[in-house]
file start-v8.cif (mmCIF, C-alpha atoms)
data_structure
loop_
_atom_site.label_atom_id
_atom_site.label_comp_id
_atom_site.auth_asym_id
_atom_site.auth_seq_id
_atom_site.Cartn_x
_atom_site.Cartn_y
_atom_site.Cartn_z
CA MET W 23 113.83 148.40 97.73
CA THR W 24 114.50 145.76 95.08
CA ASN W 25 112.34 145.76 91.97
CA THR W 26 112.52 142.87 89.52
CA GLU W 27 109.65 143.83 87.25
CA SER W 28 110.38 143.77 83.53
CA PHE W 29 111.22 146.90 81.57
CA SER W 30 108.63 148.22 79.22
CA GLY W 31 109.50 147.69 75.56
CA THR W 32 110.88 151.23 75.32
CA GLY W 33 113.66 150.51 77.83
CA LEU W 34 113.53 154.15 78.96
CA LEU W 35 115.57 154.86 82.09
CA PRO W 36 113.95 156.40 85.20
CA ASP W 37 114.59 160.08 85.90
CA PHE W 38 116.93 159.45 88.82
CA VAL W 39 119.52 157.90 86.47
CA ALA W 40 120.01 161.07 84.46
CA ALA W 41 120.03 163.16 87.65
CA ALA W 42 122.79 160.99 89.13
CA VAL W 43 124.88 160.56 86.00
CA ASN W 44 124.77 163.97 84.31
CA GLY W 45 127.56 166.24 85.48
CA SER W 46 129.07 163.55 87.68
CA GLU W 47 132.51 161.97 87.43
CA ARG W 48 131.03 158.51 86.99
CA THR W 49 132.69 156.69 84.10
CA PHE W 50 130.75 154.91 81.35
CA SER W 51 131.93 151.62 79.85
CA LEU W 52 130.64 149.12 77.31
CA TYR W 53 130.46 145.34 77.56
CA VAL W 54 129.67 143.26 74.46
CA HIS W 55 128.76 139.63 75.05
CA VAL W 56 129.50 137.20 72.22
CA PRO W 57 127.80 133.92 73.17
CA PHE W 58 129.51 131.51 70.78
CA CYS W 59 132.08 128.84 71.65
CA SER W 60 133.64 126.03 69.62
CA SER W 61 133.05 123.56 72.48
CA ARG W 62 131.57 123.53 75.97
CA CYS W 63 134.09 123.33 78.81
CA GLY W 64 133.04 121.01 81.62
CA TYR W 65 133.37 123.66 84.35
CA CYS W 66 131.67 126.51 82.46
CA ASP W 67 128.29 127.91 83.45
CA PHE W 68 128.49 131.05 81.31
CA ASN W 69 125.80 131.95 78.78
CA THR W 70 127.48 130.27 75.80
CA TYR W 71 126.38 128.10 72.87
CA ILE W 72 128.24 125.77 70.51
CA SER W 73 125.96 126.07 67.47
CA PRO W 74 127.15 128.74 65.00
CA ASP W 75 123.56 129.48 63.96
CA LEU W 76 120.83 129.95 66.56
CA GLY W 77 118.35 131.71 64.32
CA PRO W 78 117.84 135.11 62.64
CA GLY W 79 120.26 137.65 64.06
CA ALA W 80 121.89 135.02 66.26
CA SER W 81 124.52 133.38 64.08
CA HIS W 82 128.23 133.92 63.55
CA ASN W 83 127.43 135.74 60.32
CA SER W 84 124.59 137.96 61.57
CA TYR W 85 125.48 138.63 65.20
CA ALA W 86 127.50 141.80 64.59
CA ASP W 87 124.52 143.45 62.90
CA THR W 88 122.29 142.54 65.85
CA ALA W 89 124.77 143.89 68.38
CA ILE W 90 125.07 147.12 66.38
CA LYS W 91 121.31 147.46 66.31
CA GLU W 92 121.22 147.14 70.10
CA LEU W 93 123.98 149.76 70.38
CA GLU W 94 121.84 152.12 68.35
CA PHE W 95 118.84 151.30 70.52
CA ALA W 96 120.93 152.03 73.65
CA ALA W 97 122.09 155.39 72.33
CA ASP W 98 118.49 156.34 71.50
CA VAL W 99 117.28 155.26 74.95
CA MET W 100 119.94 157.35 76.66
CA GLU W 101 119.04 160.40 74.59
CA GLN W 102 115.31 160.01 75.23
CA SER W 103 115.99 159.46 78.94
CA GLY W 104 117.97 162.69 79.18
CA VAL W 105 121.29 160.98 79.92
CA GLN W 106 124.10 163.11 78.55
CA PRO W 107 126.59 161.16 76.44
CA LYS W 108 130.04 160.38 77.82
CA PRO W 109 132.95 158.92 75.87
CA LEU W 110 133.54 155.29 76.71
CA HIS W 111 136.05 154.74 79.49
CA SER W 112 136.62 151.11 78.47
CA VAL W 113 135.22 148.51 76.09
CA PHE W 114 135.28 144.77 76.72
CA PHE W 115 134.20 141.97 74.38
CA GLY W 116 133.58 138.83 76.42
CA GLY W 117 131.89 135.51 76.04
CA GLY W 118 131.94 132.89 74.96
CA THR W 119 134.79 133.34 72.54
CA PRO W 120 134.44 136.69 70.75
CA THR W 121 137.28 135.84 68.38
CA LEU W 122 135.18 133.09 66.78
CA LEU W 123 133.67 136.02 64.89
CA GLN W 124 135.66 137.66 62.14
CA ALA W 125 137.95 140.43 63.36
CA SER W 126 136.18 142.69 60.88
CA ASP W 127 132.86 142.03 62.64
CA LEU W 128 134.30 142.82 66.07
CA THR W 129 135.82 146.04 64.78
CA ARG W 130 132.54 147.00 63.06
CA ILE W 131 130.80 146.79 66.44
CA LEU W 132 133.59 148.81 68.04
CA HIS W 133 133.50 151.51 65.35
CA ARG W 134 129.73 151.91 65.67
CA ALA W 135 130.11 152.28 69.44
CA GLU W 136 132.69 154.98 68.85
CA GLN W 137 130.37 156.79 66.44
CA LEU W 138 127.48 156.67 68.90
CA PHE W 139 129.24 157.38 72.20
CA GLY W 140 132.81 158.34 71.47
CA ILE W 141 135.78 156.56 73.04
CA ASP W 142 138.16 158.23 75.44
CA GLY W 143 141.63 158.62 73.98
CA ALA W 144 143.13 156.56 76.81
CA ALA W 145 140.37 153.93 76.81
CA GLU W 146 141.19 150.27 77.28
CA VAL W 147 139.63 148.20 74.47
CA THR W 148 139.80 144.46 75.14
CA THR W 149 138.61 141.24 73.63
CA GLU W 150 138.74 137.85 75.25
CA ALA W 151 140.20 135.09 73.11
CA ASN W 152 141.13 131.43 73.20
CA PRO W 153 144.53 130.52 71.72
CA ASP W 154 142.99 128.29 69.07
CA SER W 155 140.66 131.06 67.87
CA LEU W 156 143.47 133.42 66.88
CA SER W 157 145.63 133.82 63.81
CA PRO W 158 148.28 136.41 62.88
CA ASP W 159 145.89 138.12 60.46
CA ALA W 160 143.03 138.17 62.97
CA VAL W 161 145.19 139.68 65.71
CA GLN W 162 146.56 142.32 63.36
CA GLY W 163 143.02 143.07 62.24
CA LEU W 164 141.98 143.67 65.83
CA ALA W 165 144.92 146.01 66.37
CA ASP W 166 144.25 147.90 63.14
CA GLY W 167 140.56 148.18 64.09
CA GLY W 168 141.13 149.86 67.46
CA PHE W 169 141.61 147.09 69.99
CA ASN W 170 144.58 147.54 72.27
CA ARG W 171 144.34 144.53 74.62
CA VAL W 172 143.71 140.78 74.40
CA SER W 173 142.72 138.69 77.41
CA MET W 174 143.65 135.12 76.51
CA GLY W 175 142.19 132.06 78.23
CA MET W 176 145.21 129.93 79.10
CA GLN W 177 143.87 128.26 82.29
CA SER W 178 146.85 125.87 82.58
CA SER W 179 149.91 124.73 80.65
CA VAL W 180 149.55 121.12 81.81
CA SER W 181 147.76 118.81 79.39
CA HIS W 182 146.04 116.56 81.93
CA VAL W 183 144.67 119.61 83.78
CA LEU W 184 143.29 121.04 80.54
CA GLN W 185 141.72 117.67 79.84
CA VAL W 186 139.79 117.72 83.13
CA LEU W 187 138.61 121.25 82.34
CA GLU W 188 137.79 120.13 78.80
CA ARG W 189 139.80 122.94 77.32
CA THR W 190 140.49 122.01 73.70
CA HIS W 191 143.53 124.15 72.92
CA ASN W 192 147.06 122.78 72.64
CA PRO W 193 149.06 124.45 75.44
CA ASP W 194 151.88 125.10 72.96
CA ASN W 195 149.52 127.38 71.02
CA VAL W 196 149.46 129.86 73.90
CA ALA W 197 153.07 130.91 73.25
CA LEU W 198 152.38 131.17 69.53
CA ALA W 199 149.30 133.34 70.06
CA ALA W 200 151.22 135.47 72.56
CA GLU W 201 153.84 136.13 69.90
CA TRP W 202 151.14 137.33 67.48
CA ILE W 203 149.63 139.58 70.14
CA ARG W 204 152.98 141.14 70.95
CA SER W 205 153.88 141.58 67.28
CA ALA W 206 150.65 143.50 66.75
CA GLY W 207 151.54 145.87 69.61
CA LEU W 208 148.66 144.79 71.86
CA GLU W 209 148.69 144.44 75.63
CA MET W 210 148.19 140.88 76.84
CA SER W 211 146.45 139.41 79.85
CA LEU W 212 146.48 135.70 80.64
CA ASP W 213 143.59 134.03 82.48
CA LEU W 214 144.36 131.04 84.72
CA ILE W 215 142.45 128.60 86.90
CA PHE W 216 144.01 126.81 89.85
CA GLY W 217 142.69 123.97 91.99
CA THR W 218 141.43 121.71 89.20
CA PRO W 219 140.88 118.14 90.44
CA GLY W 220 144.09 116.18 89.90
CA GLU W 221 146.29 119.27 89.60
CA SER W 222 149.34 119.01 91.89
CA LEU W 223 151.23 121.95 93.34
CA ALA W 224 154.04 121.09 90.94
CA ASP W 225 151.57 121.24 88.03
CA TRP W 226 150.49 124.70 89.09
CA ASP W 227 154.09 125.82 89.50
CA ARG W 228 154.74 124.60 85.97
CA SER W 229 151.83 126.72 84.69
CA LEU W 230 153.28 129.74 86.48
CA ASP W 231 156.63 129.03 84.82
CA SER W 232 154.88 129.16 81.45
CA VAL W 233 153.09 132.39 82.32
CA LEU W 234 156.23 134.17 83.46
CA ALA W 235 158.11 133.02 80.35
CA LEU W 236 155.51 134.86 78.24
CA GLN W 237 155.83 138.10 80.26
CA PRO W 238 152.19 139.19 80.05
CA ASP W 239 151.16 142.66 81.16
CA HIS W 240 148.42 141.26 83.37
CA VAL W 241 147.50 137.96 85.01
CA SER W 242 144.13 136.80 86.34
CA ALA W 243 144.20 133.64 88.46
CA TYR W 244 141.01 132.22 89.94
CA GLY W 245 140.43 129.25 92.18
CA LEU W 246 138.14 126.78 90.41
CA ILE W 247 134.53 127.01 91.57
CA VAL W 248 132.45 123.97 90.71
CA GLU W 249 129.09 125.38 89.66
CA GLU W 250 125.91 123.33 90.02
CA GLY W 251 124.52 122.18 86.70
CA THR W 252 127.90 121.88 84.99
CA LYS W 253 129.32 118.66 83.60
CA LEU W 254 132.22 118.84 86.05
CA ALA W 255 129.84 119.05 89.01
CA ALA W 256 128.10 115.88 87.81
CA GLN W 257 131.44 114.12 87.32
CA ILE W 258 132.50 115.00 90.87
CA ARG W 259 129.19 113.72 92.25
CA ARG W 260 129.73 110.42 90.42
CA GLY W 261 133.27 110.14 91.77
CA VAL W 262 134.99 110.55 88.41
CA TYR W 263 137.06 113.35 89.94
CA PRO W 264 137.65 114.43 93.54
CA ASN W 265 136.11 117.66 94.73
CA THR W 266 138.17 120.82 95.01
CA ASP W 267 140.18 121.28 98.21
CA PRO W 268 140.20 124.75 99.86
CA ASP W 269 143.58 124.09 101.50
CA ASP W 270 145.05 123.06 98.15
CA GLN W 271 143.68 126.21 96.55
CA ALA W 272 145.11 128.34 99.36
CA ASP W 273 148.56 126.80 98.85
CA LYS W 274 148.35 127.54 95.12
CA TYR W 275 147.22 131.10 95.74
CA LEU W 276 150.18 131.70 98.06
CA LEU W 277 152.53 130.26 95.45
CA THR W 278 150.96 132.51 92.81
CA GLU W 279 151.53 135.61 94.92
CA LYS W 280 155.10 134.58 95.67
CA ARG W 281 156.04 133.85 92.06
CA LEU W 282 154.28 136.86 90.53
CA ALA W 283 155.48 139.35 93.13
CA ALA W 284 159.07 138.21 92.64
CA ALA W 285 158.69 138.82 88.89
CA GLY W 286 157.42 142.40 89.29
CA TYR W 287 153.66 141.86 89.35
CA ARG W 288 151.57 143.65 91.97
CA TRP W 289 148.17 142.43 93.11
CA TYR W 290 145.45 145.07 92.84
CA GLU W 291 142.43 142.79 93.25
CA ILE W 292 142.47 139.44 95.01
CA SER W 293 142.55 137.45 91.77
CA ASN W 294 144.36 139.95 89.56
CA TRP W 295 147.97 141.06 89.18
CA ALA W 296 149.48 143.69 86.89
CA TYR W 297 153.11 144.10 85.89
CA ASP W 298 153.98 147.18 87.90
CA LEU W 299 157.66 147.87 88.50
CA HIS W 300 157.02 151.59 88.92
CA ASN W 301 153.88 151.34 91.06
CA ASP W 302 151.87 153.28 88.50
CA GLY W 303 149.08 150.74 87.91
CA ILE W 304 149.38 151.20 84.17
CA HIS W 305 148.55 147.58 83.31
CA GLN W 306 145.59 147.15 85.65
CA SER W 307 142.33 146.23 83.90
CA GLN W 308 140.43 149.50 83.74
CA HIS W 309 137.25 147.76 82.65
CA ASN W 310 137.18 145.41 85.62
CA LEU W 311 138.05 148.28 87.96
CA ALA W 312 134.98 150.09 86.63
CA TYR W 313 132.88 147.17 87.86
CA TRP W 314 134.61 146.97 91.22
CA ARG W 315 134.37 150.74 91.74
CA ASP W 316 130.62 150.78 91.06
CA GLN W 317 130.82 152.83 87.87
CA ASP W 318 128.36 152.69 84.94
CA TRP W 319 128.30 150.34 81.97
CA TRP W 320 125.95 149.19 79.26
CA GLY W 321 125.87 145.49 78.42
CA ILE W 322 125.16 144.46 74.84
CA GLY W 323 124.17 140.90 73.90
CA PRO W 324 122.16 137.95 75.22
CA GLY W 325 122.14 137.75 79.01
CA ALA W 326 124.29 140.88 79.32
CA HIS W 327 123.86 142.95 82.47
CA SER W 328 123.99 146.75 82.66
CA HIS W 329 124.31 149.27 85.48
CA MET W 330 123.73 152.99 85.72
CA ALA W 331 123.63 154.89 89.01
CA GLY W 332 122.23 151.97 90.99
CA LEU W 333 119.76 150.76 88.35
CA ARG W 334 120.58 147.30 87.02
CA TRP W 335 118.99 145.42 84.18
CA TRP W 336 119.60 142.28 82.16
CA ASN W 337 118.84 141.07 78.66
CA ALA W 338 117.00 137.98 77.48
CA LYS W 339 119.39 135.08 77.94
CA HIS W 340 118.96 132.91 74.86
CA PRO W 341 120.48 134.42 71.71
CA ALA W 342 117.37 133.69 69.64
CA ALA W 343 115.05 135.40 72.13
CA TYR W 344 117.48 138.30 72.48
CA ALA W 345 117.85 138.78 68.73
CA SER W 346 114.10 138.57 68.17
CA ARG W 347 113.51 141.47 70.54
CA VAL W 348 116.29 143.59 69.07
CA LEU W 349 115.16 142.99 65.50
CA ASP W 350 111.59 143.93 66.52
CA ASN W 351 112.86 147.25 67.96
CA VAL W 352 111.91 146.14 71.48
CA SER W 353 114.25 146.48 74.43
CA PRO W 354 116.09 143.17 74.95
CA ALA W 355 115.99 143.84 78.70
CA ILE W 356 113.66 141.45 80.52
CA GLY W 357 114.17 142.55 84.11
CA HIS W 358 115.66 145.21 86.33
CA GLU W 359 116.26 146.04 89.96
CA VAL W 360 117.28 148.88 92.24
CA PRO W 361 119.00 147.35 95.28
CA ASP W 362 118.17 149.03 98.58
CA SER W 363 120.76 150.79 100.76
CA VAL W 364 121.52 147.66 102.78
CA ALA W 365 122.22 145.58 99.66
CA ARG W 366 124.29 148.38 98.15
CA LEU W 367 126.43 148.68 101.27
CA LEU W 368 126.99 144.92 101.41
CA GLU W 369 128.14 144.94 97.80
CA LYS W 370 130.50 147.85 98.43
CA ILE W 371 132.02 145.91 101.30
CA MET W 372 132.34 142.69 99.28
CA LEU W 373 134.04 144.47 96.39
CA GLY W 374 136.06 146.95 98.41
CA VAL W 375 137.79 144.38 100.61
CA ARG W 376 139.04 142.62 97.46
CA LEU W 377 140.97 145.68 96.27
CA ALA W 378 144.50 146.78 97.10
CA GLU W 379 143.25 150.37 97.06
CA GLY W 380 140.92 149.33 99.86
CA LEU W 381 137.51 150.24 101.18
CA ASP W 382 136.99 153.66 102.77
CA ILE W 383 135.91 153.08 106.36
CA GLU W 384 133.70 156.15 105.91
CA GLU W 385 131.50 153.98 103.68
CA LEU W 386 130.61 152.00 106.80
CA ALA W 387 130.25 155.03 109.03
CA ALA W 388 128.04 157.30 106.96
CA GLN W 389 124.77 156.61 108.75
CA SER W 390 125.55 157.76 112.29
CA LYS W 391 128.19 158.25 114.96
CA GLU W 392 127.19 154.87 116.37
CA ALA W 393 127.83 153.25 113.00
CA ALA W 394 131.22 154.95 112.80
CA ALA W 395 132.20 153.68 116.23
CA GLN W 396 131.02 150.16 115.41
CA ALA W 397 132.94 150.15 112.12
CA GLN W 398 136.11 151.17 113.90
CA ARG W 399 135.68 148.46 116.52
CA GLU W 400 135.15 145.77 113.90
CA ALA W 401 138.15 147.00 111.90
CA ASN W 402 140.32 146.89 115.02
CA VAL W 403 139.31 143.25 115.57
CA LEU W 404 140.28 142.45 111.96
CA VAL W 405 143.69 144.06 112.54
CA ASP W 406 144.17 141.94 115.66
CA GLN W 407 143.29 138.85 113.62
CA GLY W 408 145.88 139.78 111.01
CA LEU W 409 143.28 140.13 108.25
CA ILE W 410 143.64 143.82 107.35
CA GLU W 411 146.60 146.16 107.17
CA PRO W 412 147.00 148.36 110.29
CA THR W 413 148.87 151.13 108.45
CA ALA W 414 146.08 151.38 105.86
CA LEU W 415 143.48 151.54 108.63
CA ASP W 416 145.34 154.50 110.13
CA LEU W 417 144.64 156.23 106.80
CA GLY W 418 140.95 155.30 106.86
CA LYS W 419 141.24 152.36 104.47
CA ILE W 420 140.42 148.69 104.92
CA VAL W 421 142.95 146.68 102.91
CA PRO W 422 143.33 142.91 103.27
CA THR W 423 146.65 141.38 104.25
CA LEU W 424 147.85 138.30 102.40
CA LYS W 425 146.09 136.21 105.04
CA GLY W 426 143.03 138.43 104.62
CA ARG W 427 142.97 137.78 100.89
CA LEU W 428 142.51 134.10 101.66
CA LEU W 429 139.72 134.92 104.12
CA ASP W 430 137.99 137.85 102.44
CA ASP W 431 134.56 136.35 103.23
CA ALA W 432 135.40 136.57 106.94
CA ILE W 433 136.26 140.26 106.53
CA THR W 434 132.99 140.91 104.70
CA ARG W 435 130.92 139.07 107.30
CA ARG W 436 132.38 141.01 110.20
CA LEU W 437 132.10 144.41 108.55
CA ALA W 438 128.56 143.68 107.37
CA GLY W 439 127.50 142.55 110.83
CA PHE W 440 126.65 138.94 109.90
#
call {"tool": "encode", "arguments": {"input": "start-v8.cif", "output": "C-alpha cells"}}
result
Amino acid sequence: MTNTESFSGTGLLPDFVAAAVNGSERTFSLYVHVPFCSSRCGYCDFNTYISPDLGPGASHNSYADTAIKELEFAADVMEQSGVQPKPLHSVFFGGGTPTLLQASDLTRILHRAEQLFGIDGAAEVTTEANPDSLSPDAVQGLADGGFNRVSMGMQSSVSHVLQVLERTHNPDNVALAAEWIRSAGLEMSLDLIFGTPGESLADWDRSLDSVLALQPDHVSAYGLIVEEGTKLAAQIRRGVYPNTDPDDQADKYLLTEKRLAAAGYRWYEISNWAYDLHNDGIHQSQHNLAYWRDQDWWGIGPGAHSHMAGLRWWNAKHPAAYASRVLDNVSPAIGHEVPDSVARLLEKIMLGVRLAEGLDIEELAAQSKEAAAQAQREANVLVDQGLIEPTALDLGKIVPTLKGRLLDDAITRRLAGF
C-alpha cells in the first residue's frame, strides 16, 4: 500500500525500519544535495538554482551549516527510532554543482558525517563537479579532506553540442581539470550525454576520443532525455532544434560500447562502464550500485530522497523552505511512501535488468509455483528474441544482451506481465 502522507515534525521512523535494518547486511549510504549552479543548462530539470543566496541557511556561505544541522537531526532520528548505526558504505555529493562551495565546506560536511555515523574504511566518497568549478587547490583540498573520487560533468567535447546543451565550460578545461584530479590521487569518472540535437555520429566519436585520451576510471554515458518544462523542450517545440532520434541514440550507444570495450572498460549497468582489465569491478560506482541493489541511504538537502527498508521520504524542494524547517528543528521531510509488493517487484525488475550482474529469476518466482513457471516461460521467450543471455539464464540470472540493453523496457514489460 502506498502512503504519501507527510511525516510528522519529528521525522521518527516506523518500527518496521529498525526491525528490517538492525542485524541485516543492508548497507547504509549518504547523499548530500547541493542545489547551486552557476548557470541553468537548457536540458536540466534537476532541483538547482542559480542565485548564490536564497535566504537564511540557503546560501553558498551558510549551506554547509544547514546540511550539518540536518545530518545531526538524522542521527538523532535514527537513535530515537531504534536504528542501530552503521558506518557509511558510500558518500555522494551531487547537485547542482557541489564544487561551487568551498572545498573546506564540503569537507566539513563530510567530517561531521564521519563523526556521527562513521565511514567504512573502503568507502567511496564522491563529489560531482563541473570543469569550470575546479582549481588545483580545491581538488587538493577535497583529497586532503577525505574525498577519493570526482565525477566530472563533461557531456561532450564538441563546442556546438555543448552550446545546444547550454553547458558553459570550455571543453579544453576538462583535460586540465582531469590533470588536477589525477595529481591529487583521486579516482575520476566522466559523465557524458549522447543524442543531443545536431550531434552527428562523428561528433560523438570525437567525444569518445577525448574521453579515452583522459583514461578515466569510470564513464557514464546517457542518451539525452528531453524533459517537459525545460528550455530545450520548448526550443524543440518551436522548431529551433530537431527532436531526439531513438535510432541515432542507439547507433551512438553501440559505438560507445564498441569503443569503451576495446579500451578495457566493462559495462556493469546499461549506462555505466568501469575500467576493468582484471574483471574485479574495482572502479564501479559503489554509491550508484547501492541504489540499484535496493540498499539504504539518507538524503540530505532540498528535494533529497531517502530510503530505508522500503520506506521512502523526500525533503522540501525549495532551498529556502528546506532550510527554514531545518533551522526550526523540524524534519525537512514533507512526504513519504511505502510501495506495495507489486510496485516493489516492478522496481526490482526495472533495475535488475539494467545490471550486468543480472536479476535473480527467483525474485519473479517467489510467490508460487505458478509464478515460477510463468517467469521461466517469459525468460525463455526473451532468450529466443535475443534480449537476454541464455548462459546466464541457465544460472538463474536474467542479464540483457547488447540488443537487450537497447530494449530494456521490452524486457521489463514482459517480465512484469504488461
call {"tool": "closest_atom_pairs", "arguments": {"input": "start-v8.cif", "of": "range 56-111 of chain W", "to": "range 182-188 of chain W", "cutoff": "9 Å", "atoms": "only C-alpha atoms", "output": "Markdown table"}}
result
| residue | atom | partner | partner_atom | distance |
| --- | --- | --- | --- | --- |
| W:Ser61 | CA | W:Glu188 | CA | 8.6 |
| W:Arg62 | CA | W:Glu188 | CA | 7.6 |
| W:Cys63 | CA | W:Glu188 | CA | 4.9 |
| W:Gly64 | CA | W:Glu188 | CA | 5.6 |
| W:Tyr65 | CA | W:Leu187 | CA | 6.1 |
| W:Cys66 | CA | W:Leu187 | CA | 8.7 |
call {"tool": "resolve_selection", "arguments": {"input": "start-v8.cif", "expression": "the PyMOL selection byres ((chain W and resi 438) around 10)", "output": "PyMOL selection string"}}
result
chain W and resi 364+367-369+371-372+386+397+400+432-437+439-440
call {"tool": "closest_atom_pairs", "arguments": {"input": "start-v8.cif", "of": "range 288-395 of chain W", "to": "range 94-108 of chain W", "cutoff": "12 Å", "atoms": "all atoms listed in the file", "output": "tab-separated table"}}
result
residue	atom	partner	partner_atom	distance
W:Asp318	CA	W:Lys108	CA	10.6
W:Trp319	CA	W:Lys108	CA	11.0
W:Trp320	CA	W:Ala96	CA	8.0
W:Gly321	CA	W:Ala96	CA	9.5
W:Ile322	CA	W:Ala96	CA	8.8
W:Gly323	CA	W:Ala96	CA	11.6
W:Ser328	CA	W:Ala96	CA	10.9
W:Met330	CA	W:Val105	CA	10.2
W:Ala331	CA	W:Val105	CA	11.2
W:Arg347	CA	W:Phe95	CA	11.2
W:Val348	CA	W:Phe95	CA	8.2
W:Leu349	CA	W:Phe95	CA	10.4
W:Asp350	CA	W:Phe95	CA	11.1
W:Asn351	CA	W:Phe95	CA	7.7
W:Val352	CA	W:Phe95	CA	8.7
W:Ser353	CA	W:Phe95	CA	7.7
W:Pro354	CA	W:Phe95	CA	9.7
W:Ala355	CA	W:Ala96	CA	10.8
call {"tool": "residues_around", "arguments": {"input": "start-v8.cif", "residues": "range 277-282 of chain W", "least_positions_apart": "5", "cutoff": "9 Å", "atoms": "only C-alpha atoms", "output": "PyMOL selection string"}}
result
chain W and resi 223+226-227+230-231+234+241+243+272+287-289+295+297+424
call {"tool": "axis_aligned_box", "arguments": {"input": "start-v8.cif", "around": "range 317-326 of chain W", "padding_each_side": "8 Å", "output": "lines of an AutoDock Vina configuration file"}}
result
center_x = 126.5
center_y = 145.3
center_z = 80.9
size_x = 24.7
size_y = 31.1
size_z = 30.0
call {"tool": "closest_residue", "arguments": {"input": "start-v8.cif", "among": "W:Ile131, W:Val196, W:Val113, W:Val180", "to": "Gly167 in chain W", "atoms": "all atoms listed in the file"}}
result
W:Ile131
call {"tool": "resolve_selection", "arguments": {"input": "start-v8.cif", "expression": "the PyMOL selection byres ((chain W and resi 332) around 9)", "output": "mmCIF file with C-alpha atoms, keeping the file's coordinate frame"}}
result
data_model
loop_
_atom_site.group_PDB
_atom_site.id
_atom_site.type_symbol
_atom_site.label_atom_id
_atom_site.label_comp_id
_atom_site.auth_asym_id
_atom_site.auth_seq_id
_atom_site.Cartn_x
_atom_site.Cartn_y
_atom_site.Cartn_z
ATOM 1 C CA VAL W 39 119.520 157.900 86.470
ATOM 2 C CA ASP W 316 130.620 150.780 91.060
ATOM 3 C CA ASP W 318 128.360 152.690 84.940
ATOM 4 C CA HIS W 329 124.310 149.270 85.480
ATOM 5 C CA MET W 330 123.730 152.990 85.720
ATOM 6 C CA ALA W 331 123.630 154.890 89.010
ATOM 7 C CA LEU W 333 119.760 150.760 88.350
ATOM 8 C CA ARG W 334 120.580 147.300 87.020
ATOM 9 C CA GLU W 359 116.260 146.040 89.960
ATOM 10 C CA VAL W 360 117.280 148.880 92.240
ATOM 11 C CA PRO W 361 119.000 147.350 95.280
ATOM 12 C CA ARG W 366 124.290 148.380 98.150
#
